[in-house]
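Inspection log for the structure reproduced underneath, given as structure tokens.
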Amino acid sequence: MNNRRHFLGAAALLSLPVFAQPRPLRVGWVYAMANAPVVVADQKRFFAEEGLQVEVKQFGDGPVLEQAMAAGEVDVAYVGAPPVYQWFSRGLDARILAKVNYGQAAVIASQASGIRSVAELRGKRLASVAKGSGMDVLLRGIVLPEHARLDPEKDLSIQSMPVGNMNAALDRNMADAAFTWEPFVSQALLRGSSRLVLDVNAVLPSYPWYVIAASAPALKERGPDLVKLLRAHRRAIAFLQGNAAEADKLIAQAFKLETVQAADGRTVAAEAIVQEARKRLGWADKLEARDLQFIQRLMDRSQELGFTARPLKVEQVVDLGLWQKSAA
């Protein structure tokens, strides 16, 4: 009798429905200092404290990350706005949910070049990233024509190379100037090998760059988790703003920053690179009306440059509903 009871009890347990744990939210991010909030949220356990399991993976650039999202390998991306709307124009159904940062880009020139303004790039060699990338849209569509009256196709030579190679290209006279971002700008300036020609954030104050985007399946199936992610994101930004010394140390470690040897022989600490970078970039999560206007400008320039095949409106790719829930 006892054996029969045990058998019936085991059979009853086997007949109960099994509720599988939801898989972790897969979060991809472009490896750039401006995306520090995702690093902070992960390492300070803000994601976990919001009740969210995540798998965080870094990518070398936005197009590769968007390709991973198109393949269903990533649910959420910390990525530049241009890759999101460019892939949207090709059929990837994704939406921008929130802002990550403002600022980061700059034109620097080697001390030997004598270049002190963007207009002086005429006839010079400018190192930049791949044509058609988000930074390239900013360079060709706004920085050169609007702030120097330069035609990017005729007035200078734009040389495509990885951002990590640009400072060496300046040192070796392979380029006269570079359109680059943090921490590479600060590393060059602190070494004394280059000068700041244009801080883009100075001429386009608080312009948005990296954003949080989610795929259509994630929006449909993981809405509550996305709200948790946005709350953790906001906490990470508050940490970056309110705990600068600890945050700078965390960023220096996460991005493997090394000390810099200045021209006068001083050794500059890795945290000082982050402190210098803060002069040109900051973090915020709310997409303001002016941010949406700037993204629309980028969309318009992308079409004019032939990087997108059809006109787009910012309302097509931005959805602030989940951000509003996270802020409630």
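The chains in the structure tokens are called A, B, ... from first to last as shown; in each chain the residues are counted from 1, and the ligands are counted from 1 in the order shown.
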For region 95-104 of chain A: contacts at 9 Å, only C-alpha atoms, fewer than 5 positions along chain excluded, given as a PyMOL selection string: chain A and resi 33-38+78-79+81+84-85+88+180-183+185+199-202+204-216+219+230+233+237+277-278+280-288+291+316-323
Polymer residues at most 8 Å from Leu298 (chain A), only C-alpha atoms, same-chain spacing of 6 or more positions, as a ChimeraX atom specification: /A:82,137-138,141
Selection: 9 Å around Ser302 (chain A), only C-alpha atoms, excl. self and same-chain fewer than 3 positions, as JSON, numbers by chain: {"A": [82, 86, 132, 134, 137, 141, 297, 298, 299, 305, 306, 307, 308, 309]}
Interatomic distance (Å, one decimal) between CA of Ala244 (chain A) and CA of Phe179 (chain A): 26.8 Å
DSSP-assigned alpha helix (DSSP H) among region 46-134 of chain A, expressed as a PyMOL selection string: chain A and resi 46-49+62-70+81-89+134
Suppose we keep N, CA and C atoms; can you now write the selection as a short mmCIF file (atom, residue, chain, number, x, y, z; two decimals), in the first residue's frame?
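Done, and the output landed in result_9.cif:
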data_model
loop_
_atom_site.label_atom_id
_atom_site.label_comp_id
_atom_site.auth_asym_id
_atom_site.auth_seq_id
_atom_site.Cartn_x
_atom_site.Cartn_y
_atom_site.Cartn_z
N PHE A 46 22.91 46.72 -10.38
CA PHE A 46 21.63 47.42 -10.47
C PHE A 46 20.61 46.60 -11.27
N PHE A 47 21.07 45.89 -12.30
CA PHE A 47 20.16 45.01 -13.04
C PHE A 47 19.58 43.96 -12.10
N ALA A 48 20.46 43.31 -11.36
CA ALA A 48 20.02 42.24 -10.45
C ALA A 48 19.09 42.78 -9.37
N GLU A 49 19.41 43.94 -8.83
CA GLU A 49 18.58 44.52 -7.77
C GLU A 49 17.19 44.92 -8.27
N GLY A 62 28.53 49.79 -33.97
CA GLY A 62 27.08 49.73 -34.06
C GLY A 62 26.54 48.83 -35.15
N PRO A 63 27.07 48.89 -36.38
CA PRO A 63 26.55 48.02 -37.43
C PRO A 63 26.63 46.53 -37.08
N VAL A 64 27.73 46.10 -36.45
CA VAL A 64 27.86 44.70 -36.06
C VAL A 64 26.82 44.34 -35.00
N LEU A 65 26.60 45.26 -34.05
CA LEU A 65 25.61 45.02 -33.01
C LEU A 65 24.20 44.94 -33.60
N GLU A 66 23.88 45.84 -34.52
CA GLU A 66 22.56 45.80 -35.15
C GLU A 66 22.38 44.53 -35.98
N GLN A 67 23.46 44.06 -36.58
CA GLN A 67 23.39 42.79 -37.31
C GLN A 67 23.05 41.64 -36.36
N ALA A 68 23.63 41.66 -35.16
CA ALA A 68 23.33 40.63 -34.16
C ALA A 68 21.88 40.72 -33.72
N MET A 69 21.36 41.94 -33.60
CA MET A 69 19.95 42.10 -33.25
C MET A 69 19.06 41.57 -34.38
N ALA A 70 19.42 41.84 -35.62
CA ALA A 70 18.64 41.35 -36.75
C ALA A 70 18.64 39.83 -36.80
N ALA A 81 22.37 56.16 -32.36
CA ALA A 81 21.07 56.28 -33.03
C ALA A 81 21.14 55.98 -34.54
N PRO A 82 22.19 56.42 -35.27
CA PRO A 82 22.21 56.15 -36.71
C PRO A 82 22.13 54.68 -37.10
N PRO A 83 22.87 53.76 -36.47
CA PRO A 83 22.69 52.35 -36.86
C PRO A 83 21.26 51.85 -36.66
N VAL A 84 20.58 52.36 -35.64
CA VAL A 84 19.21 51.91 -35.40
C VAL A 84 18.30 52.30 -36.56
N TYR A 85 18.32 53.59 -36.94
CA TYR A 85 17.40 54.00 -38.01
C TYR A 85 17.88 53.52 -39.38
N GLN A 86 19.20 53.35 -39.57
CA GLN A 86 19.66 52.82 -40.85
C GLN A 86 19.19 51.38 -41.04
N TRP A 87 19.30 50.56 -40.00
CA TRP A 87 18.82 49.18 -40.10
C TRP A 87 17.31 49.14 -40.15
N PHE A 88 16.64 50.07 -39.50
CA PHE A 88 15.18 50.16 -39.58
C PHE A 88 14.76 50.38 -41.03
N SER A 89 15.51 51.22 -41.75
CA SER A 89 15.17 51.50 -43.15
C SER A 89 15.34 50.27 -44.03
N GLY A 134 27.65 55.81 -38.14
CA GLY A 134 27.03 56.93 -37.46
C GLY A 134 27.95 58.12 -37.33
#
Nearest candidate to Met166 (chain A) (options A:Arg90, A:Arg125, A:Lys313, A:Lys131; using only C-alpha atoms): A:Arg125
Polymer residues at most 12 Å from region 156-158 of chain A, only C-alpha atoms, same-chain spacing of 2 or more positions, as a ChimeraX atom specification: /A:118-131,136,139-140,144-145,148-154,160-161,174-179
Residue nearest Val76 (chain A) - candidates A:Arg301, A:Arg222, A:Lys44, A:Arg290, atoms counted: only C-alpha atoms: A:Arg222
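Distances here use only C-alpha atoms; by that measure, the residue among A:Thr259, A:Gln241, A:Gln43, A:Gln253 closest to Ser186 (chain A) is A:Thr259.
In terms of minimum interatomic distance to Asp75 (chain A), A:Leu226 ranks closest within A:Ile142, A:Ala252, A:Ala32, A:Leu226, counting only C-alpha atoms.
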